[in-house]
Amino acid sequence: MRNVVIVGSGCAGNTAAIYTARASLNPLVAAGHEPGGQLSLTTLVENFPGFPEGINGPDLVENIKKQAQSFGAEYVSGSVTEADLSSRPFRLNIEGQRVETRTVIIASGASARWLGLESEQKLIGHGVSSCATCDGFFYRGKKIMVVGGGDSAMEEASFLTRFGSEVAIVHRRDEFRASKIMLDRARANPKIKFLTSTVVEEVYDAGKGVVTGVKLRNLKTGEIRDREVDGFFLTIGHIPNTKVFRGQIELDADGYIVSHGGARTSVQGVFHAGDVQDRVYRQAITAAAAGCMAAVEAERFLEAEGH
Ligand code: NAP
């Protein structure tokens with residue numbers, strides 16, 4: 001019987017592991033299908049407090065994990081494939097390993113949706129990014145492309161005009177999902193160009209290991225052309241990793257955990273941390289803070305129950 005199982009090993013999960021391990025709760029962390037979470041997909045992180053020179057995303061998340069392990073946190077690879085949160089102790093299946101636990105901290109994150117092109121996948125962290133706040137700064141005076149037609153695309157494109165010499169929004173339709181106000185704001189920005197009814201067929205240049213351009217196809221005319229790009233940003237949505245908890249805790253229409261105050265979910269003893277609940281901030285520092293909150297709540301919950 002565990003006191004706490006933490007689902008996910010990104011910034012939120014690893015920080016929850018530090019706190020619960022230091023509280024002698026001997027946490028077990030299920031590392032998940034993307035160990036290290038979103039940070040493992042980035043390069044330099046310059047906005048995490050305490051690193052004046054910046055730190056590589058994978059190093060940052062690995063350091064937090066090491067810190068947790070130094071206090072006794074245990075890590076197992078693999079994802080939670082089954083969960084029974086209907087009664088306590090909660091029961092989890094971590095890829096064949098069955099675990100019973102008094103509390104669960106769900107820090108399984110939200111995965112960025114990608115186009116799925118081979119060239120795009122090879123260049124993640126080398127010009128391909130899913131986070132303008134994280135990586136926009138690296139494209140000062142450069143050519144930036146944003147893919148998507150929702151509020152995130154408009155917001156991130158507007159933000160990226162602070163850095164780029166131009167920002168092109170590529171959207172697969174003529175109509176936009178974005179709210180009128182956000183769309184109007186982007187349209188009024190002279191640095192933003194719209195390429196509608198257009199899809200990206202390839203990101204160049206996987207051979208060089210850096211983004212140099214894209215191949216575009218106009219869906220109406222069939223015209224194919226290349227365009228020079230330095231920073232390629234995907235804003236086509238995120239998918240919260242909550243499938244395994246569906247029907248067991250309250251989720252919103254998009255699958256994000258609904259908070260019941262602090263780090264609490266609809267089930268007593270189950271807590272949330274990080275992007276699995278947060279569709280707004282999605283930063284390493286807010287995820288780390290949420291991991292701390294969930295750990296403190298789990299600790300108090302166990303104490304109140306006499307453990
Ligand atoms: P979204 O509204 O789901 O929009 C995703 C966009 O990506 C859509 O335009 C979609 O195209 C496109 N897309 C999806 N898959 C694609 C693919 N494989 N290839 C090309 N394009 C693809 O996601 P979001 O913009 O991240 O917004 C999510 C939620 O957060 C929304 O409720 C939004 O209002 C909210 N949000 C609010 C703010 C704000 O108010 N400040 C800022 C950001 C987000 P189609 O339209 O053709 O499907």
# chains A, B, ... in the order shown; residues from 1 in each chain; ligands from 1
$ closest_atom_pairs --of "chain A" --to "ligand 1" --cutoff "9 Å" --atoms "only C-alpha atoms and all ligand atoms" --output "CSV"
residue,atom,partner,partner_atom_place_in_ligand_line,distance
A:Arg113,CA,ligand 1,15 (N),7.1
A:Trp114,CA,ligand 1,18 (N),6.7
A:Leu115,CA,ligand 1,18 (N),4.9
A:Gly116,CA,ligand 1,18 (N),7.7
A:Val147,CA,ligand 1,21 (N),6.4
A:Gly148,CA,ligand 1,7 (O),4.0
A:Gly149,CA,ligand 1,9 (O),3.2
A:Gly150,CA,ligand 1,25 (O),3.5
A:Asp151,CA,ligand 1,25 (O),4.1
A:Ser152,CA,ligand 1,25 (O),3.7
A:Ala153,CA,ligand 1,25 (O),5.6
A:Met154,CA,ligand 1,25 (O),7.8
A:Glu155,CA,ligand 1,42 (C),5.9
A:Glu156,CA,ligand 1,43 (C),8.1
A:Val170,CA,ligand 1,20 (C),8.2
A:His171,CA,ligand 1,21 (N),6.1
A:Arg172,CA,ligand 1,20 (C),5.6
A:Arg173,CA,ligand 1,47 (O),5.4
A:Asp174,CA,ligand 1,47 (O),8.5
A:Glu175,CA,ligand 1,46 (O),7.2
A:Phe176,CA,ligand 1,46 (O),5.7
A:Arg177,CA,ligand 1,46 (O),4.9
A:Ala178,CA,ligand 1,2 (O),6.4
A:Ser179,CA,ligand 1,34 (O),6.9
A:Met182,CA,ligand 1,40 (O),7.7
A:Thr198,CA,ligand 1,20 (C),8.7
A:Val199,CA,ligand 1,20 (C),6.6
A:Val200,CA,ligand 1,20 (C),8.0
A:Leu234,CA,ligand 1,7 (O),8.3
A:Thr235,CA,ligand 1,26 (O),5.8
A:Ile236,CA,ligand 1,7 (O),3.3
A:Gly237,CA,ligand 1,26 (O),3.9
A:His238,CA,ligand 1,26 (O),6.4
A:Asp254,CA,ligand 1,29 (C),8.8
A:Arg279,CA,ligand 1,30 (O),6.7
A:Val280,CA,ligand 1,43 (C),7.1
$ residues_around --residues "Gly164 of chain A" --least-positions-apart "5" --cutoff "10 Å" --atoms "only C-alpha atoms" --output "PDB file with N, CA, C and O atoms, in the first residue's frame"
ATOM      1  N   GLY A 136       9.667  32.053 -28.269  1.00  0.00           N
ATOM      2  CA  GLY A 136       9.569  33.211 -29.167  1.00  0.00           C
ATOM      3  C   GLY A 136      10.828  34.073 -29.172  1.00  0.00           C
ATOM      4  O   GLY A 136      11.291  34.536 -30.219  1.00  0.00           O
ATOM      5  N   PHE A 137      11.400  34.221 -28.006  1.00  0.00           N
ATOM      6  CA  PHE A 137      12.559  35.081 -27.820  1.00  0.00           C
ATOM      7  C   PHE A 137      13.733  34.726 -28.742  1.00  0.00           C
ATOM      8  O   PHE A 137      14.537  35.570 -29.106  1.00  0.00           O
ATOM      9  N   PHE A 138      13.803  33.439 -29.118  1.00  0.00           N
ATOM     10  CA  PHE A 138      14.947  32.993 -29.942  1.00  0.00           C
ATOM     11  C   PHE A 138      14.829  33.447 -31.399  1.00  0.00           C
ATOM     12  O   PHE A 138      15.735  33.234 -32.192  1.00  0.00           O
ATOM     13  N   TYR A 139      13.676  34.045 -31.751  1.00  0.00           N
ATOM     14  CA  TYR A 139      13.461  34.379 -33.173  1.00  0.00           C
ATOM     15  C   TYR A 139      13.374  35.884 -33.410  1.00  0.00           C
ATOM     16  O   TYR A 139      12.615  36.359 -34.231  1.00  0.00           O
ATOM     17  N   ARG A 140      14.202  36.595 -32.688  1.00  0.00           N
ATOM     18  CA  ARG A 140      14.267  38.038 -32.838  1.00  0.00           C
ATOM     19  C   ARG A 140      14.746  38.375 -34.257  1.00  0.00           C
ATOM     20  O   ARG A 140      15.787  37.891 -34.686  1.00  0.00           O
ATOM     21  N   GLY A 141      13.940  39.148 -34.966  1.00  0.00           N
ATOM     22  CA  GLY A 141      14.325  39.565 -36.318  1.00  0.00           C
ATOM     23  C   GLY A 141      14.214  38.450 -37.352  1.00  0.00           C
ATOM     24  O   GLY A 141      14.656  38.595 -38.498  1.00  0.00           O
ATOM     25  N   LYS A 142      13.635  37.308 -36.955  1.00  0.00           N
ATOM     26  CA  LYS A 142      13.562  36.150 -37.864  1.00  0.00           C
ATOM     27  C   LYS A 142      12.146  35.972 -38.418  1.00  0.00           C
ATOM     28  O   LYS A 142      11.200  36.599 -37.978  1.00  0.00           O
ATOM     29  N   LYS A 143      12.045  35.039 -39.379  1.00  0.00           N
ATOM     30  CA  LYS A 143      10.745  34.745 -39.999  1.00  0.00           C
ATOM     31  C   LYS A 143      10.039  33.646 -39.206  1.00  0.00           C
ATOM     32  O   LYS A 143      10.585  32.555 -39.035  1.00  0.00           O
ATOM     33  N   ILE A 144       8.830  33.970 -38.786  1.00  0.00           N
ATOM     34  CA  ILE A 144       8.095  33.041 -37.920  1.00  0.00           C
ATOM     35  C   ILE A 144       6.814  32.587 -38.620  1.00  0.00           C
ATOM     36  O   ILE A 144       6.185  33.372 -39.344  1.00  0.00           O
ATOM     37  N   MET A 145       6.470  31.317 -38.415  1.00  0.00           N
ATOM     38  CA  MET A 145       5.195  30.796 -38.923  1.00  0.00           C
ATOM     39  C   MET A 145       4.427  30.175 -37.758  1.00  0.00           C
ATOM     40  O   MET A 145       5.017  29.520 -36.898  1.00  0.00           O
ATOM     41  N   ALA A 157       0.506  34.377 -32.275  1.00  0.00           N
ATOM     42  CA  ALA A 157       1.031  35.144 -33.421  1.00  0.00           C
ATOM     43  C   ALA A 157       1.221  36.601 -33.014  1.00  0.00           C
ATOM     44  O   ALA A 157       2.251  37.214 -33.328  1.00  0.00           O
ATOM     45  N   PHE A 159       1.729  37.771 -30.024  1.00  0.00           N
ATOM     46  CA  PHE A 159       2.865  37.801 -29.094  1.00  0.00           C
ATOM     47  C   PHE A 159       4.187  37.712 -29.865  1.00  0.00           C
ATOM     48  O   PHE A 159       5.149  38.436 -29.592  1.00  0.00           O
ATOM     49  N   LYS A 191       2.358  43.204 -38.977  1.00  0.00           N
ATOM     50  CA  LYS A 191       3.412  42.190 -39.110  1.00  0.00           C
ATOM     51  C   LYS A 191       2.843  40.801 -39.398  1.00  0.00           C
ATOM     52  O   LYS A 191       3.583  39.876 -39.741  1.00  0.00           O
ATOM     53  N   ILE A 192       1.496  40.637 -39.220  1.00  0.00           N
ATOM     54  CA  ILE A 192       0.915  39.299 -39.388  1.00  0.00           C
ATOM     55  C   ILE A 192       0.311  39.132 -40.778  1.00  0.00           C
ATOM     56  O   ILE A 192      -0.447  39.976 -41.249  1.00  0.00           O
ATOM     57  N   ASP A 230      12.083  30.492 -40.052  1.00  0.00           N
ATOM     58  CA  ASP A 230      13.106  30.147 -39.049  1.00  0.00           C
ATOM     59  C   ASP A 230      12.487  29.507 -37.812  1.00  0.00           C
ATOM     60  O   ASP A 230      13.038  28.586 -37.239  1.00  0.00           O
ATOM     61  N   GLY A 231      11.334  30.050 -37.406  1.00  0.00           N
ATOM     62  CA  GLY A 231      10.653  29.519 -36.216  1.00  0.00           C
ATOM     63  C   GLY A 231       9.263  29.039 -36.591  1.00  0.00           C
ATOM     64  O   GLY A 231       8.466  29.801 -37.145  1.00  0.00           O
TER      65      GLY A 231
END
$ closest_residue --among "A:Val5, A:Val80, A:Ala132, A:Val45" --to "Tyr281 of chain A" --atoms "only C-alpha atoms"
A:Ala132
$ residues_around --residues "segment 48-65 of chain A" --least-positions-apart "2" --cutoff "7 Å" --atoms "only C-alpha atoms" --output "PyMOL selection string"
chain A and resi 10-11+14-15+36+39-40+42-46+67-69+285
$ atom_distance --atom1 "atom CA of Gln97 of chain A" --atom2 "atom CA of Tyr256 of chain A"
25.8 Å
$ closest_atom_pairs --of "segment 9-34 of chain A" --to "segment 82-93 of chain A" --cutoff "12 Å" --atoms "only C-alpha atoms" --output "CSV"
residue,atom,partner,partner_atom,distance
A:Leu28,CA,A:Leu92,CA,11.5
A:Val29,CA,A:Leu92,CA,11.9
A:Ala30,CA,A:Asn93,CA,10.0
$ write_last_selection --atoms "N, CA, C and O atoms" --output "PDB file, in the first residue's frame"
ATOM      1  N   LEU A  28       5.541   7.066  -5.158  1.00  0.00           N
ATOM      2  CA  LEU A  28       5.872   6.307  -6.359  1.00  0.00           C
ATOM      3  C   LEU A  28       5.444   7.161  -7.546  1.00  0.00           C
ATOM      4  O   LEU A  28       4.298   7.633  -7.594  1.00  0.00           O
ATOM      5  N   VAL A  29       6.356   7.373  -8.490  1.00  0.00           N
ATOM      6  CA  VAL A  29       6.037   8.184  -9.666  1.00  0.00           C
ATOM      7  C   VAL A  29       5.956   7.285 -10.895  1.00  0.00           C
ATOM      8  O   VAL A  29       6.917   6.583 -11.214  1.00  0.00           O
ATOM      9  N   ALA A  30       4.793   7.308 -11.553  1.00  0.00           N
ATOM     10  CA  ALA A  30       4.674   6.602 -12.837  1.00  0.00           C
ATOM     11  C   ALA A  30       5.101   7.596 -13.912  1.00  0.00           C
ATOM     12  O   ALA A  30       4.438   8.617 -14.129  1.00  0.00           O
TER      13      ALA A  30
END
$ residues_around --residues "Asn241 of chain A" --least-positions-apart "5" --cutoff "9 Å" --atoms "only C-alpha atoms" --output "number ranges by chain"
A: 107-111, 255-256, 276
$ closest_atom_pairs --of "segment 280-304 of chain A" --to "segment 259-272 of chain A" --cutoff "9 Å" --atoms "only C-alpha atoms" --output "Markdown table"
| residue | atom | partner | partner_atom | distance |
| --- | --- | --- | --- | --- |
| A:Ala290 | CA | A:Ala263 | CA | 7.3 |
| A:Gly291 | CA | A:His272 | CA | 8.0 |
| A:Met293 | CA | A:Ala263 | CA | 6.2 |
| A:Ala294 | CA | A:Ala263 | CA | 5.1 |
| A:Ala295 | CA | A:Phe271 | CA | 8.4 |
| A:Glu297 | CA | A:Ala263 | CA | 7.0 |
| A:Ala298 | CA | A:Gly269 | CA | 6.8 |
| A:Phe301 | CA | A:Gly269 | CA | 6.8 |
| A:Leu302 | CA | A:Gly269 | CA | 8.3 |
$ write_last_selection --atoms "all heavy atoms" --output "CSV table (one decimal), in the first residue's frame"
chain,number,residue,atom,x,y,z
A,290,ALA,N,2.1,24.1,-9.0
A,290,ALA,CA,0.9,23.2,-8.8
A,290,ALA,C,1.3,21.9,-8.2
A,290,ALA,O,0.5,21.3,-7.5
A,290,ALA,CB,0.2,23.0,-10.2
A,291,GLY,N,2.5,21.4,-8.6
A,291,GLY,CA,3.0,20.1,-8.0
A,291,GLY,C,3.1,20.2,-6.5
A,291,GLY,O,2.8,19.3,-5.7
A,293,MET,N,1.5,22.4,-4.6
A,293,MET,CA,0.2,22.5,-4.0
A,293,MET,C,-0.4,21.1,-3.8
A,293,MET,O,-1.0,20.8,-2.7
A,293,MET,CB,-0.7,23.4,-4.9
A,293,MET,CG,-0.4,24.9,-4.8
A,293,MET,SD,-1.1,25.8,-6.2
A,293,MET,CE,-2.9,25.6,-5.8
A,294,ALA,N,-0.3,20.3,-4.8
A,294,ALA,CA,-1.0,19.0,-4.7
A,294,ALA,C,-0.3,18.2,-3.6
A,294,ALA,O,-1.0,17.4,-2.9
A,294,ALA,CB,-0.8,18.3,-6.1
A,295,ALA,N,1.0,18.3,-3.5
A,295,ALA,CA,1.7,17.5,-2.5
A,295,ALA,C,1.3,17.9,-1.1
A,295,ALA,O,1.1,17.1,-0.2
A,295,ALA,CB,3.3,17.7,-2.7
A,297,GLU,N,-1.4,19.3,-0.2
A,297,GLU,CA,-2.8,18.8,0.0
A,297,GLU,C,-2.9,17.3,0.3
A,297,GLU,O,-3.6,16.9,1.2
A,297,GLU,CB,-3.7,19.2,-1.2
A,297,GLU,CG,-3.8,20.7,-1.4
A,297,GLU,CD,-5.2,21.2,-1.6
A,297,GLU,OE1,-6.2,20.4,-1.3
A,297,GLU,OE2,-5.3,22.3,-2.2
A,298,ALA,N,-2.1,16.6,-0.4
A,298,ALA,CA,-2.1,15.1,-0.2
A,298,ALA,C,-1.5,14.8,1.2
A,298,ALA,O,-2.1,14.0,2.0
A,298,ALA,CB,-1.2,14.4,-1.2
A,301,PHE,N,-4.2,15.7,3.8
A,301,PHE,CA,-5.3,14.7,3.7
A,301,PHE,C,-4.9,13.5,4.4
A,301,PHE,O,-5.7,12.9,5.2
A,301,PHE,CB,-5.5,14.4,2.2
A,301,PHE,CG,-6.6,13.4,1.9
A,301,PHE,CD1,-7.9,13.8,1.9
A,301,PHE,CD2,-6.2,12.1,1.7
A,301,PHE,CE1,-8.9,12.8,1.7
A,301,PHE,CE2,-7.2,11.1,1.5
A,301,PHE,CZ,-8.5,11.5,1.5
A,302,LEU,N,-3.6,13.0,4.2
A,302,LEU,CA,-3.2,11.7,4.9
A,302,LEU,C,-3.1,12.0,6.4
A,302,LEU,O,-3.5,11.1,7.2
A,302,LEU,CB,-1.8,11.3,4.3
A,302,LEU,CG,-1.9,10.7,2.9
A,302,LEU,CD1,-0.5,10.7,2.2
A,302,LEU,CD2,-2.6,9.3,2.9
$ select_by_dssp --residues "segment 163-233 of chain A" --states "strand (DSSP E)" --output "PyMOL selection string"
chain A and resi 166-170+192-195+198-204+213-218+224-228+231-233
$ decode --residues "segment 70-160 of chain A" --atoms "C-alpha atoms" --output "mmCIF file, in the first residue's frame"
data_model
loop_
_atom_site.group_PDB
_atom_site.id
_atom_site.type_symbol
_atom_site.label_atom_id
_atom_site.label_comp_id
_atom_site.auth_asym_id
_atom_site.auth_seq_id
_atom_site.Cartn_x
_atom_site.Cartn_y
_atom_site.Cartn_z
ATOM 1 C CA SER A 70 17.609 12.108 -3.355
ATOM 2 C CA PHE A 71 14.754 12.251 -0.822
ATOM 3 C CA GLY A 72 13.610 8.727 -1.668
ATOM 4 C CA ALA A 73 11.021 9.153 -4.439
ATOM 5 C CA GLU A 74 10.694 5.969 -6.507
ATOM 6 C CA TYR A 75 10.174 6.088 -10.272
ATOM 7 C CA VAL A 76 8.726 3.393 -12.505
ATOM 8 C CA SER A 77 8.602 3.655 -16.258
ATOM 9 C CA GLY A 78 5.316 3.348 -18.099
ATOM 10 C CA SER A 79 1.870 4.875 -17.952
ATOM 11 C CA VAL A 80 -1.198 4.157 -15.887
ATOM 12 C CA THR A 81 -3.248 1.884 -18.114
ATOM 13 C CA GLU A 82 -6.182 1.305 -15.717
ATOM 14 C CA ALA A 83 -7.447 3.231 -12.717
ATOM 15 C CA ASP A 84 -10.142 2.470 -10.189
ATOM 16 C CA LEU A 85 -10.872 5.561 -8.121
ATOM 17 C CA SER A 86 -14.355 4.451 -7.079
ATOM 18 C CA SER A 87 -13.301 3.449 -3.556
ATOM 19 C CA ARG A 88 -10.252 3.643 -1.326
ATOM 20 C CA PRO A 89 -7.594 2.434 -1.465
ATOM 21 C CA PHE A 90 -7.391 3.530 -5.086
ATOM 22 C CA ARG A 91 -6.144 0.909 -7.512
ATOM 23 C CA LEU A 92 -3.866 1.634 -10.441
ATOM 24 C CA ASN A 93 -2.347 -0.549 -13.091
ATOM 25 C CA ILE A 94 1.000 0.818 -14.249
ATOM 26 C CA GLU A 95 1.601 -1.242 -17.373
ATOM 27 C CA GLY A 96 1.056 -4.535 -15.570
ATOM 28 C CA GLN A 97 2.225 -3.475 -12.120
ATOM 29 C CA ARG A 98 -0.817 -3.256 -9.830
ATOM 30 C CA VAL A 99 -0.580 -0.687 -7.059
ATOM 31 C CA GLU A 100 -2.879 0.299 -4.214
ATOM 32 C CA THR A 101 -2.597 3.798 -2.845
ATOM 33 C CA ARG A 102 -4.233 6.109 -0.333
ATOM 34 C CA THR A 103 -3.856 9.209 -2.533
ATOM 35 C CA VAL A 104 -3.179 9.962 -6.185
ATOM 36 C CA ILE A 105 -1.680 13.100 -7.699
ATOM 37 C CA ILE A 106 -2.564 13.332 -11.375
ATOM 38 C CA ALA A 107 0.178 15.272 -13.147
ATOM 39 C CA SER A 108 -0.119 13.583 -16.514
ATOM 40 C CA GLY A 109 -0.021 16.834 -18.485
ATOM 41 C CA ALA A 110 -1.464 17.819 -21.811
ATOM 42 C CA SER A 111 0.348 16.847 -24.950
ATOM 43 C CA ALA A 112 0.661 19.383 -27.719
ATOM 44 C CA ARG A 113 -1.084 18.342 -30.893
ATOM 45 C CA TRP A 114 1.369 18.099 -33.761
ATOM 46 C CA LEU A 115 0.809 17.870 -37.485
ATOM 47 C CA GLY A 116 2.498 14.494 -37.403
ATOM 48 C CA LEU A 117 4.950 15.106 -40.269
ATOM 49 C CA GLU A 118 8.181 13.186 -39.954
ATOM 50 C CA SER A 119 10.220 16.309 -40.693
ATOM 51 C CA GLU A 120 8.300 18.285 -38.048
ATOM 52 C CA GLN A 121 8.940 15.630 -35.383
ATOM 53 C CA LYS A 122 12.682 15.561 -36.156
ATOM 54 C CA LEU A 123 12.956 19.334 -35.721
ATOM 55 C CA ILE A 124 11.119 19.731 -32.401
ATOM 56 C CA GLY A 125 13.365 21.937 -30.266
ATOM 57 C CA HIS A 126 15.366 22.980 -33.347
ATOM 58 C CA GLY A 127 12.997 25.555 -34.781
ATOM 59 C CA VAL A 128 9.757 23.623 -34.294
ATOM 60 C CA SER A 129 7.964 24.562 -31.076
ATOM 61 C CA SER A 130 4.570 24.305 -29.431
ATOM 62 C CA CYS A 131 5.175 27.152 -26.979
ATOM 63 C CA ALA A 132 5.543 30.768 -28.089
ATOM 64 C CA THR A 133 6.074 32.018 -24.537
ATOM 65 C CA CYS A 134 8.968 29.599 -24.155
ATOM 66 C CA ASP A 135 10.694 29.960 -27.489
ATOM 67 C CA GLY A 136 9.569 33.211 -29.167
ATOM 68 C CA PHE A 137 12.559 35.081 -27.820
ATOM 69 C CA PHE A 138 14.947 32.993 -29.942
ATOM 70 C CA TYR A 139 13.461 34.379 -33.173
ATOM 71 C CA ARG A 140 14.267 38.038 -32.838
ATOM 72 C CA GLY A 141 14.325 39.565 -36.318
ATOM 73 C CA LYS A 142 13.562 36.150 -37.864
ATOM 74 C CA LYS A 143 10.745 34.745 -39.999
ATOM 75 C CA ILE A 144 8.095 33.041 -37.920
ATOM 76 C CA MET A 145 5.195 30.796 -38.923
ATOM 77 C CA VAL A 146 2.245 29.860 -36.720
ATOM 78 C CA VAL A 147 -0.107 27.010 -37.632
ATOM 79 C CA GLY A 148 -3.716 27.077 -36.433
ATOM 80 C CA GLY A 149 -6.912 29.079 -36.579
ATOM 81 C CA GLY A 150 -8.043 29.214 -32.943
ATOM 82 C CA ASP A 151 -7.550 31.749 -30.154
ATOM 83 C CA SER A 152 -4.148 30.272 -29.344
ATOM 84 C CA ALA A 153 -2.949 30.898 -32.910
ATOM 85 C CA MET A 154 -4.098 34.542 -32.796
ATOM 86 C CA GLU A 155 -2.700 35.122 -29.331
ATOM 87 C CA GLU A 156 0.646 33.485 -30.005
ATOM 88 C CA ALA A 157 1.031 35.144 -33.421
ATOM 89 C CA SER A 158 0.370 38.560 -31.861
ATOM 90 C CA PHE A 159 2.865 37.801 -29.094
ATOM 91 C CA LEU A 160 5.465 36.603 -31.615
#
